[in-house]
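Take a look at the structure below.
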Amino acid sequence: HLFSDCRLLEIRKFDTKFSGVQTDFVSILAEKAKPAERFRMNESGEIREIPLSIFQLTEQKTIFSATEPEVEIICKILSKGEISLADSKWALGVVTGNNKKHLKTKPGLGLEPIYTGKEIQPFCIDKPRYFVHYDRTVFQQTAPDEYYRTSPKIVYRFISNHLVFAAERNGALVLNSANILIPNVPELSFEALLALLNSKVYSFIYRVLFGQIKVLRSNLSQLKLPSINPQQDDELKSLVLANSTEEIKEEINRAIFKLYGLDDEEIAVIRKRLEA
């Protein structure tokens, strides 16, 4: 309604809160008139002109705050997007209903590792902290067995202020603080997809467009991935298969910055947003 039937003038986010209320609040100023191309975003007295078209980038038409350079970078990145995760398979981790009862801190007879979001790191998974006797009949909620046992698959943190995806190659279980992605993206190798999802470029896009610390399937499905040539795919694949050091991760980021033709100034904008 705001976008099509009104002229949106200003959205203001207030520093103060109502007494007894913890959430932030905003005011929306609009008038009954033909929509304008831009409106004001007022945050803590800092006023920016925001193009209305930017909110057509998400299915939910999410209203978010972004600087003009950030908007330009997002449009530049998304313009190269030709592929999505929409045809992939997704699954939630195991909901035991009683972690204290079901999770064990030491391995034992009949127990197998179950990974939580904390063990998931970019590209790889730390040693498990918990073990479980897998009996889906006693758990509150589980995905189909074949989703857990698929190998390789991608697992990712459900609660995070940046995207964290790891390869899981043993058909292992995950708890509900982690989710499962079984990609169906024939245009990209498994490793190249992992590189893109872990990159600063995609954490930047996710943070600006969706602004959530929950990493939701519905949002990930909207991310557009680039069509890359075999040489670019092989480069990303070889980097991902190398030891997952900080230097390698940064080399992956540089390769993806180059893939999108981002210059030093644009890269600095991305890094600044992720450090905020």
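Just so we're on the same page: first chain in the structure tokens is A, next is B, and so on; residues restart at 1 for each chain, and ligands are numbered from 1 in the order they show up.
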>> DSSP on the backbone: which residues in segment 67-256 of chain A end up as strand (DSSP E or B)? Give the answer as JSON, numbers by chain.
In response: {"A": [81, 82, 83, 89, 90, 91, 92, 94, 95, 104, 112, 113, 114, 115, 120, 123, 125, 130, 131, 132, 141, 153, 154, 155, 156, 157, 159, 165, 166, 167, 168, 173, 174, 175, 178, 179, 180, 181, 182, 214, 225, 226]}
> Contacts of Leu181 of chain A at 9 Å or less, counting only C-alpha atoms, minus same-chain residues fewer than 5 places along, as a VMD selection string?
Replying inline: chain A and resid 88 to 91 147 153 to 156 217
Once you have the residues from the selection above, write them out as a compact mmCIF listing (two decimals), in the first residue's frame, restricted to all heavy atoms.
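Now in result_34.txt:
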```txt
# COMPACT_ATOMS: atom_id res chain seq x y z
N SER A 88 16.69 -26.37 -4.53
CA SER A 88 17.46 -27.21 -3.60
C SER A 88 16.56 -27.77 -2.52
O SER A 88 15.40 -27.36 -2.37
CB SER A 88 18.59 -26.39 -2.98
OG SER A 88 19.48 -25.90 -3.97
N LYS A 89 17.08 -28.73 -1.76
CA LYS A 89 16.33 -29.32 -0.65
C LYS A 89 16.83 -28.72 0.66
O LYS A 89 18.03 -28.45 0.82
CB LYS A 89 16.51 -30.84 -0.63
CG LYS A 89 15.89 -31.54 -1.83
CD LYS A 89 16.11 -33.05 -1.76
CE LYS A 89 15.50 -33.75 -2.97
NZ LYS A 89 15.74 -35.21 -2.92
N TRP A 90 15.92 -28.54 1.60
CA TRP A 90 16.23 -27.91 2.88
C TRP A 90 15.67 -28.76 4.00
O TRP A 90 14.65 -29.43 3.84
CB TRP A 90 15.61 -26.51 2.96
CG TRP A 90 15.92 -25.63 1.80
CD1 TRP A 90 15.31 -25.65 0.56
CD2 TRP A 90 16.89 -24.59 1.73
NE1 TRP A 90 15.84 -24.70 -0.25
CE2 TRP A 90 16.81 -24.02 0.43
CE3 TRP A 90 17.81 -24.06 2.65
CZ2 TRP A 90 17.63 -22.96 0.03
CZ3 TRP A 90 18.62 -23.01 2.25
CH2 TRP A 90 18.53 -22.47 0.96
N ALA A 91 16.32 -28.70 5.15
CA ALA A 91 15.81 -29.45 6.30
C ALA A 91 16.26 -28.77 7.59
O ALA A 91 17.35 -28.18 7.66
CB ALA A 91 16.30 -30.90 6.28
N TYR A 147 17.70 -36.91 4.49
CA TYR A 147 18.29 -35.58 4.50
C TYR A 147 19.52 -35.55 5.41
O TYR A 147 20.54 -34.94 5.06
CB TYR A 147 17.27 -34.53 4.95
CG TYR A 147 16.23 -34.18 3.91
CD1 TYR A 147 15.83 -35.11 2.95
CD2 TYR A 147 15.64 -32.94 3.89
CE1 TYR A 147 14.87 -34.80 2.00
CE2 TYR A 147 14.67 -32.62 2.93
CZ TYR A 147 14.29 -33.56 2.00
OH TYR A 147 13.35 -33.25 1.05
N LYS A 153 26.65 -32.73 1.98
CA LYS A 153 25.59 -31.74 2.11
C LYS A 153 26.19 -30.49 2.75
O LYS A 153 27.34 -30.51 3.22
CB LYS A 153 24.43 -32.28 2.95
CG LYS A 153 24.77 -32.65 4.39
CD LYS A 153 23.52 -33.14 5.11
CE LYS A 153 23.80 -33.58 6.55
NZ LYS A 153 24.51 -34.87 6.62
N ILE A 154 25.42 -29.44 2.76
CA ILE A 154 25.86 -28.19 3.40
C ILE A 154 25.04 -28.00 4.67
O ILE A 154 23.81 -28.20 4.67
CB ILE A 154 25.67 -27.00 2.46
CG1 ILE A 154 26.64 -27.12 1.26
CG2 ILE A 154 25.91 -25.68 3.18
CD1 ILE A 154 26.44 -26.05 0.20
N VAL A 155 25.70 -27.66 5.76
CA VAL A 155 25.01 -27.31 7.00
C VAL A 155 25.38 -25.87 7.35
O VAL A 155 26.47 -25.41 7.05
CB VAL A 155 25.38 -28.27 8.15
CG1 VAL A 155 24.84 -29.67 7.87
CG2 VAL A 155 26.88 -28.34 8.39
N TYR A 156 24.44 -25.17 7.97
CA TYR A 156 24.70 -23.75 8.25
C TYR A 156 24.07 -23.34 9.58
O TYR A 156 23.10 -23.93 10.06
CB TYR A 156 24.19 -22.87 7.12
CG TYR A 156 22.71 -22.94 6.82
CD1 TYR A 156 21.82 -22.02 7.37
CD2 TYR A 156 22.20 -23.92 5.97
CE1 TYR A 156 20.47 -22.07 7.08
CE2 TYR A 156 20.84 -23.97 5.68
CZ TYR A 156 19.99 -23.04 6.23
OH TYR A 156 18.65 -23.10 5.95
N ARG A 217 15.44 -20.00 5.34
CA ARG A 217 15.38 -20.59 4.00
C ARG A 217 14.72 -19.65 3.02
O ARG A 217 15.17 -19.50 1.87
CB ARG A 217 14.62 -21.92 4.08
CG ARG A 217 14.21 -22.46 2.72
CD ARG A 217 13.27 -23.64 2.85
NE ARG A 217 12.76 -24.05 1.55
CZ ARG A 217 11.97 -25.08 1.35
NH1 ARG A 217 11.59 -25.82 2.38
NH2 ARG A 217 11.55 -25.40 0.15
```
Which residues of segment 160-231 of chain A come within 9 Å of segment 64-68 of chain A, and for each one, what is the closest pair of atoms and their distance in Å to one decimal, counting only C-alpha atoms, sorted by chain and residue number, as JSON lines?
```
{"residue": "A:Val208", "atom": "CA", "partner": "A:Ala66", "partner_atom": "CA", "distance": 6.9}
{"residue": "A:Leu209", "atom": "CA", "partner": "A:Phe64", "partner_atom": "CA", "distance": 6.6}
{"residue": "A:Phe210", "atom": "CA", "partner": "A:Phe64", "partner_atom": "CA", "distance": 7.5}
{"residue": "A:Gly211", "atom": "CA", "partner": "A:Phe64", "partner_atom": "CA", "distance": 7.4}
```
Using only C-alpha atoms, what does the table of segment 114-224 of chain A residues within 9 Å of segment 229-253 of chain A look like, with each row giving the shortest atom pair and its distance in Å to one decimal, sorted by chain and ascending number, as JSON lines?
```
{"residue": "A:Pro122", "atom": "CA", "partner": "A:Ser244", "partner_atom": "CA", "distance": 8.2}
{"residue": "A:Phe123", "atom": "CA", "partner": "A:Ser244", "partner_atom": "CA", "distance": 7.1}
{"residue": "A:Cys124", "atom": "CA", "partner": "A:Ser244", "partner_atom": "CA", "distance": 7.6}
{"residue": "A:Leu188", "atom": "CA", "partner": "A:Asp233", "partner_atom": "CA", "distance": 7.0}
{"residue": "A:Ser189", "atom": "CA", "partner": "A:Asp233", "partner_atom": "CA", "distance": 6.9}
{"residue": "A:Phe190", "atom": "CA", "partner": "A:Lys237", "partner_atom": "CA", "distance": 8.0}
{"residue": "A:Glu191", "atom": "CA", "partner": "A:Lys237", "partner_atom": "CA", "distance": 4.9}
{"residue": "A:Ala192", "atom": "CA", "partner": "A:Leu236", "partner_atom": "CA", "distance": 5.2}
{"residue": "A:Leu193", "atom": "CA", "partner": "A:Leu236", "partner_atom": "CA", "distance": 8.8}
{"residue": "A:Leu194", "atom": "CA", "partner": "A:Val240", "partner_atom": "CA", "distance": 7.9}
{"residue": "A:Ala195", "atom": "CA", "partner": "A:Leu236", "partner_atom": "CA", "distance": 6.5}
{"residue": "A:Leu196", "atom": "CA", "partner": "A:Asn253", "partner_atom": "CA", "distance": 8.5}
{"residue": "A:Asn198", "atom": "CA", "partner": "A:Asn253", "partner_atom": "CA", "distance": 8.7}
{"residue": "A:Ser199", "atom": "CA", "partner": "A:Asn253", "partner_atom": "CA", "distance": 5.6}
{"residue": "A:Lys200", "atom": "CA", "partner": "A:Asn253", "partner_atom": "CA", "distance": 6.5}
{"residue": "A:Val201", "atom": "CA", "partner": "A:Asn253", "partner_atom": "CA", "distance": 7.7}
```
Serialized selection, N, CA, C and O atoms, as a tab-separated table (two decimals), in the first residue's frame:
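Listing of part-v2.tsv after writing:
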```
chain	number	residue	atom	x	y	z
A	122	PRO	N	33.04	-21.48	8.92
A	122	PRO	CA	33.08	-21.35	7.46
A	122	PRO	C	33.85	-22.52	6.83
A	122	PRO	O	35.00	-22.77	7.18
A	123	PHE	N	33.17	-23.27	6.00
A	123	PHE	CA	33.71	-24.38	5.20
A	123	PHE	C	33.86	-25.69	5.96
A	123	PHE	O	33.81	-26.76	5.36
A	124	CYS	N	34.07	-25.68	7.26
A	124	CYS	CA	34.34	-26.92	7.98
A	124	CYS	C	33.57	-26.96	9.30
A	124	CYS	O	32.95	-25.97	9.70
A	188	LEU	N	26.96	-24.75	-10.72
A	188	LEU	CA	28.08	-24.48	-9.81
A	188	LEU	C	28.53	-25.77	-9.16
A	188	LEU	O	27.71	-26.62	-8.80
A	189	SER	N	29.83	-25.91	-8.96
A	189	SER	CA	30.32	-27.04	-8.18
A	189	SER	C	29.92	-26.86	-6.72
A	189	SER	O	29.62	-25.74	-6.28
A	190	PHE	N	29.91	-27.95	-5.98
A	190	PHE	CA	29.59	-27.91	-4.55
A	190	PHE	C	30.49	-26.90	-3.84
A	190	PHE	O	30.04	-26.10	-3.01
A	191	GLU	N	31.78	-26.93	-4.16
A	191	GLU	CA	32.76	-26.07	-3.47
A	191	GLU	C	32.61	-24.60	-3.86
A	191	GLU	O	32.74	-23.71	-3.02
A	192	ALA	N	32.32	-24.34	-5.15
A	192	ALA	CA	32.14	-22.95	-5.57
A	192	ALA	C	30.92	-22.34	-4.90
A	192	ALA	O	30.94	-21.17	-4.50
A	193	LEU	N	29.85	-23.12	-4.78
A	193	LEU	CA	28.66	-22.64	-4.07
A	193	LEU	C	29.00	-22.33	-2.62
A	193	LEU	O	28.59	-21.30	-2.08
A	194	LEU	N	29.76	-23.20	-1.99
A	194	LEU	CA	30.17	-22.99	-0.60
A	194	LEU	C	30.98	-21.70	-0.47
A	194	LEU	O	30.82	-20.93	0.49
A	195	ALA	N	31.86	-21.45	-1.44
A	195	ALA	CA	32.67	-20.24	-1.42
A	195	ALA	C	31.80	-18.99	-1.50
A	195	ALA	O	31.99	-18.03	-0.75
A	196	LEU	N	30.84	-19.00	-2.41
A	196	LEU	CA	29.96	-17.84	-2.56
A	196	LEU	C	29.14	-17.59	-1.30
A	196	LEU	O	29.05	-16.45	-0.83
A	198	ASN	N	29.76	-18.36	1.76
A	198	ASN	CA	30.58	-17.93	2.90
A	198	ASN	C	31.26	-16.58	2.69
A	198	ASN	O	31.93	-16.08	3.60
A	199	SER	N	31.09	-16.02	1.53
A	199	SER	CA	31.84	-14.80	1.19
A	199	SER	C	31.28	-13.57	1.89
A	199	SER	O	30.12	-13.52	2.29
A	200	LYS	N	32.12	-12.56	1.98
A	200	LYS	CA	31.70	-11.28	2.54
A	200	LYS	C	30.63	-10.64	1.66
A	200	LYS	O	29.76	-9.93	2.15
A	201	VAL	N	30.69	-10.90	0.37
A	201	VAL	CA	29.69	-10.35	-0.55
A	201	VAL	C	28.29	-10.79	-0.15
A	201	VAL	O	27.36	-9.98	-0.05
```
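When DSSP is run on the backbone, the residues of segment 180-217 of chain A that fall into alpha helix (DSSP H) are Phe190, Glu191, Ala192, Leu193, Leu194, Ala195, Leu196, Leu197, Asn198, Lys200, Val201, Tyr202, Ser203, Phe204, Ile205, Tyr206, Arg207, Val208, Leu209, Phe210 and Arg217 of chain A.
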Write out, as a PDB file, in the first residue's frame, the residues just selected, with C-alpha atoms.
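Written out: selection14.pdb:
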```pdb
ATOM      1  CA  PHE A 190      29.592 -27.906  -4.547  1.00  0.00           C
ATOM      2  CA  GLU A 191      32.759 -26.070  -3.470  1.00  0.00           C
ATOM      3  CA  ALA A 192      32.144 -22.953  -5.574  1.00  0.00           C
ATOM      4  CA  LEU A 193      28.663 -22.643  -4.072  1.00  0.00           C
ATOM      5  CA  LEU A 194      30.167 -22.986  -0.600  1.00  0.00           C
ATOM      6  CA  ALA A 195      32.672 -20.239  -1.420  1.00  0.00           C
ATOM      7  CA  LEU A 196      29.960 -17.844  -2.559  1.00  0.00           C
ATOM      8  CA  LEU A 197      27.706 -18.461   0.443  1.00  0.00           C
ATOM      9  CA  ASN A 198      30.578 -17.930   2.904  1.00  0.00           C
ATOM     10  CA  LYS A 200      31.696 -11.282   2.539  1.00  0.00           C
ATOM     11  CA  VAL A 201      29.685 -10.350  -0.554  1.00  0.00           C
ATOM     12  CA  TYR A 202      26.763 -12.580   0.419  1.00  0.00           C
ATOM     13  CA  SER A 203      26.928 -11.784   4.128  1.00  0.00           C
ATOM     14  CA  PHE A 204      26.737  -8.134   3.092  1.00  0.00           C
ATOM     15  CA  ILE A 205      23.728  -8.719   0.834  1.00  0.00           C
ATOM     16  CA  TYR A 206      21.943 -10.784   3.485  1.00  0.00           C
ATOM     17  CA  ARG A 207      22.544  -8.252   6.244  1.00  0.00           C
ATOM     18  CA  VAL A 208      21.368  -5.267   4.205  1.00  0.00           C
ATOM     19  CA  LEU A 209      18.385  -6.873   2.475  1.00  0.00           C
ATOM     20  CA  PHE A 210      17.007  -8.878   5.391  1.00  0.00           C
ATOM     21  CA  ARG A 217      15.383 -20.593   4.002  1.00  0.00           C
TER      22      ARG A 217
END
```
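Counting only C-alpha atoms and comparing A:Gly171, A:Phe39, A:Leu103, A:Gly81, the residue that lies closest to Asp145 of chain A is A:Gly171.
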> Using only C-alpha atoms, which residues sit within 12 Å of segment 14-28 of chain A once same-chain residues fewer than 6 positions away are excluded, as a list in words?
Replying inline: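 Selected residues are Leu2, Cys6, Arg7, Leu8, Phe39, Arg40, Met41, Asn42, Glu43, Ser44, Gly45, Glu46, Ile63 and Phe64 of chain A.
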>> Need to verify the contact set: Tyr134 of chain A, 10 Å, only C-alpha atoms, exclusion of same-chain residues closer than 5 positions in sequence. Can you return it as number ranges by chain?
In response: A: 94, 96, 102, 110-114, 139, 173
Deliver the residues from the most recent selection as a file, using all heavy atoms, as a PDB file, in the first residue's frame.
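The file below, selection03.pdb, is the result:
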```pdb
ATOM      1  N   VAL A  94      17.576 -31.651  14.158  1.00  0.00           N
ATOM      2  CA  VAL A  94      16.756 -32.429  15.093  1.00  0.00           C
ATOM      3  C   VAL A  94      16.298 -31.556  16.263  1.00  0.00           C
ATOM      4  O   VAL A  94      17.092 -30.838  16.874  1.00  0.00           O
ATOM      5  CB  VAL A  94      17.557 -33.627  15.636  1.00  0.00           C
ATOM      6  CG1 VAL A  94      16.775 -34.357  16.728  1.00  0.00           C
ATOM      7  CG2 VAL A  94      17.928 -34.585  14.501  1.00  0.00           C
ATOM      8  N   THR A  96      15.050 -32.275  19.766  1.00  0.00           N
ATOM      9  CA  THR A  96      14.909 -33.420  20.674  1.00  0.00           C
ATOM     10  C   THR A  96      13.707 -33.276  21.598  1.00  0.00           C
ATOM     11  O   THR A  96      13.114 -34.266  22.012  1.00  0.00           O
ATOM     12  CB  THR A  96      16.163 -33.591  21.542  1.00  0.00           C
ATOM     13  OG1 THR A  96      16.278 -32.485  22.446  1.00  0.00           O
ATOM     14  CG2 THR A  96      17.421 -33.699  20.687  1.00  0.00           C
ATOM     15  N   HIS A 102      18.582 -36.077  26.233  1.00  0.00           N
ATOM     16  CA  HIS A 102      19.014 -36.847  25.065  1.00  0.00           C
ATOM     17  C   HIS A 102      20.473 -36.626  24.668  1.00  0.00           C
ATOM     18  O   HIS A 102      21.077 -37.510  24.054  1.00  0.00           O
ATOM     19  CB  HIS A 102      18.113 -36.530  23.872  1.00  0.00           C
ATOM     20  CG  HIS A 102      16.705 -37.002  24.035  1.00  0.00           C
ATOM     21  ND1 HIS A 102      16.356 -38.336  24.049  1.00  0.00           N
ATOM     22  CD2 HIS A 102      15.537 -36.306  24.189  1.00  0.00           C
ATOM     23  CE1 HIS A 102      15.050 -38.455  24.206  1.00  0.00           C
ATOM     24  NE2 HIS A 102      14.531 -37.236  24.283  1.00  0.00           N
ATOM     25  N   GLY A 110      26.291 -47.083  20.887  1.00  0.00           N
ATOM     26  CA  GLY A 110      25.011 -46.697  20.307  1.00  0.00           C
ATOM     27  C   GLY A 110      24.823 -45.206  20.120  1.00  0.00           C
ATOM     28  O   GLY A 110      23.751 -44.774  19.675  1.00  0.00           O
ATOM     29  N   LEU A 111      25.840 -44.417  20.445  1.00  0.00           N
ATOM     30  CA  LEU A 111      25.743 -42.967  20.301  1.00  0.00           C
ATOM     31  C   LEU A 111      26.481 -42.514  19.042  1.00  0.00           C
ATOM     32  O   LEU A 111      27.458 -43.136  18.623  1.00  0.00           O
ATOM     33  CB  LEU A 111      26.350 -42.262  21.516  1.00  0.00           C
ATOM     34  CG  LEU A 111      25.703 -42.537  22.875  1.00  0.00           C
ATOM     35  CD1 LEU A 111      26.453 -41.785  23.974  1.00  0.00           C
ATOM     36  CD2 LEU A 111      24.229 -42.146  22.875  1.00  0.00           C
ATOM     37  N   GLU A 112      25.998 -41.435  18.440  1.00  0.00           N
ATOM     38  CA  GLU A 112      26.696 -40.854  17.301  1.00  0.00           C
ATOM     39  C   GLU A 112      26.774 -39.337  17.479  1.00  0.00           C
ATOM     40  O   GLU A 112      25.984 -38.743  18.210  1.00  0.00           O
ATOM     41  CB  GLU A 112      25.992 -41.199  15.993  1.00  0.00           C
ATOM     42  CG  GLU A 112      24.563 -40.692  15.880  1.00  0.00           C
ATOM     43  CD  GLU A 112      23.943 -41.038  14.519  1.00  0.00           C
ATOM     44  OE1 GLU A 112      24.444 -40.519  13.506  1.00  0.00           O
ATOM     45  OE2 GLU A 112      22.974 -41.816  14.498  1.00  0.00           O
ATOM     46  N   PRO A 113      27.738 -38.700  16.803  1.00  0.00           N
ATOM     47  CA  PRO A 113      27.867 -37.241  16.943  1.00  0.00           C
ATOM     48  C   PRO A 113      26.634 -36.517  16.429  1.00  0.00           C
ATOM     49  O   PRO A 113      25.995 -36.948  15.473  1.00  0.00           O
ATOM     50  CB  PRO A 113      29.084 -36.909  16.073  1.00  0.00           C
ATOM     51  CG  PRO A 113      29.793 -38.196  15.854  1.00  0.00           C
ATOM     52  CD  PRO A 113      28.747 -39.266  15.904  1.00  0.00           C
ATOM     53  N   ILE A 114      26.318 -35.413  17.085  1.00  0.00           N
ATOM     54  CA  ILE A 114      25.283 -34.503  16.583  1.00  0.00           C
ATOM     55  C   ILE A 114      25.840 -33.095  16.735  1.00  0.00           C
ATOM     56  O   ILE A 114      26.313 -32.715  17.812  1.00  0.00           O
ATOM     57  CB  ILE A 114      23.936 -34.694  17.318  1.00  0.00           C
ATOM     58  CG1 ILE A 114      22.855 -33.822  16.667  1.00  0.00           C
ATOM     59  CG2 ILE A 114      24.038 -34.428  18.806  1.00  0.00           C
ATOM     60  CD1 ILE A 114      21.426 -34.174  17.104  1.00  0.00           C
ATOM     61  N   PHE A 139      11.974 -38.171  19.568  1.00  0.00           N
ATOM     62  CA  PHE A 139      12.274 -36.749  19.416  1.00  0.00           C
ATOM     63  C   PHE A 139      11.014 -35.966  19.059  1.00  0.00           C
ATOM     64  O   PHE A 139      10.050 -36.507  18.517  1.00  0.00           O
ATOM     65  CB  PHE A 139      13.329 -36.530  18.329  1.00  0.00           C
ATOM     66  CG  PHE A 139      14.668 -37.149  18.660  1.00  0.00           C
ATOM     67  CD1 PHE A 139      15.468 -37.667  17.659  1.00  0.00           C
ATOM     68  CD2 PHE A 139      15.121 -37.208  19.954  1.00  0.00           C
ATOM     69  CE1 PHE A 139      16.699 -38.225  17.947  1.00  0.00           C
ATOM     70  CE2 PHE A 139      16.347 -37.775  20.264  1.00  0.00           C
ATOM     71  CZ  PHE A 139      17.127 -38.286  19.253  1.00  0.00           C
ATOM     72  N   LEU A 173      24.347 -36.034  11.879  1.00  0.00           N
ATOM     73  CA  LEU A 173      23.171 -35.339  12.384  1.00  0.00           C
ATOM     74  C   LEU A 173      23.527 -33.915  12.798  1.00  0.00           C
ATOM     75  O   LEU A 173      24.662 -33.627  13.181  1.00  0.00           O
ATOM     76  CB  LEU A 173      22.599 -36.076  13.595  1.00  0.00           C
ATOM     77  CG  LEU A 173      22.197 -37.531  13.403  1.00  0.00           C
ATOM     78  CD1 LEU A 173      21.859 -38.159  14.763  1.00  0.00           C
ATOM     79  CD2 LEU A 173      21.015 -37.648  12.449  1.00  0.00           C
TER      80      LEU A 173
END
```
> Given the choices A:Ala276, A:Asn219, A:Lys76, A:Tyr148, which gets closest to Gly261 of chain A if the distance is worked out from only C-alpha atoms?
Replying inline: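 Looking only at the distances to Gly261 of chain A, the closest residue turns out to be A:Lys76.
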>> Just the number, please: distance in Å from atom CA of Asp87 of chain A to atom CA of Val164 of chain A, one decimal.
In response: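 Calculated distance between atom CA of Asp87 of chain A and atom CA of Val164 of chain A is 20.5 Å.
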> Between A:Ser4, A:Thr58, A:Ser84, A:Asn170, which has the minimum distance to Ile125 of chain A (counting only C-alpha atoms)?
Replying inline: A:Asn170
> For Ala166 of chain A, which residue out of A:Ile11, A:Ala268, A:Leu274, A:Ala178 is the nearest one, using only C-alpha atoms?
Replying inline: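 Distance minimum relative to Ala166 of chain A lands on A:Ala178.
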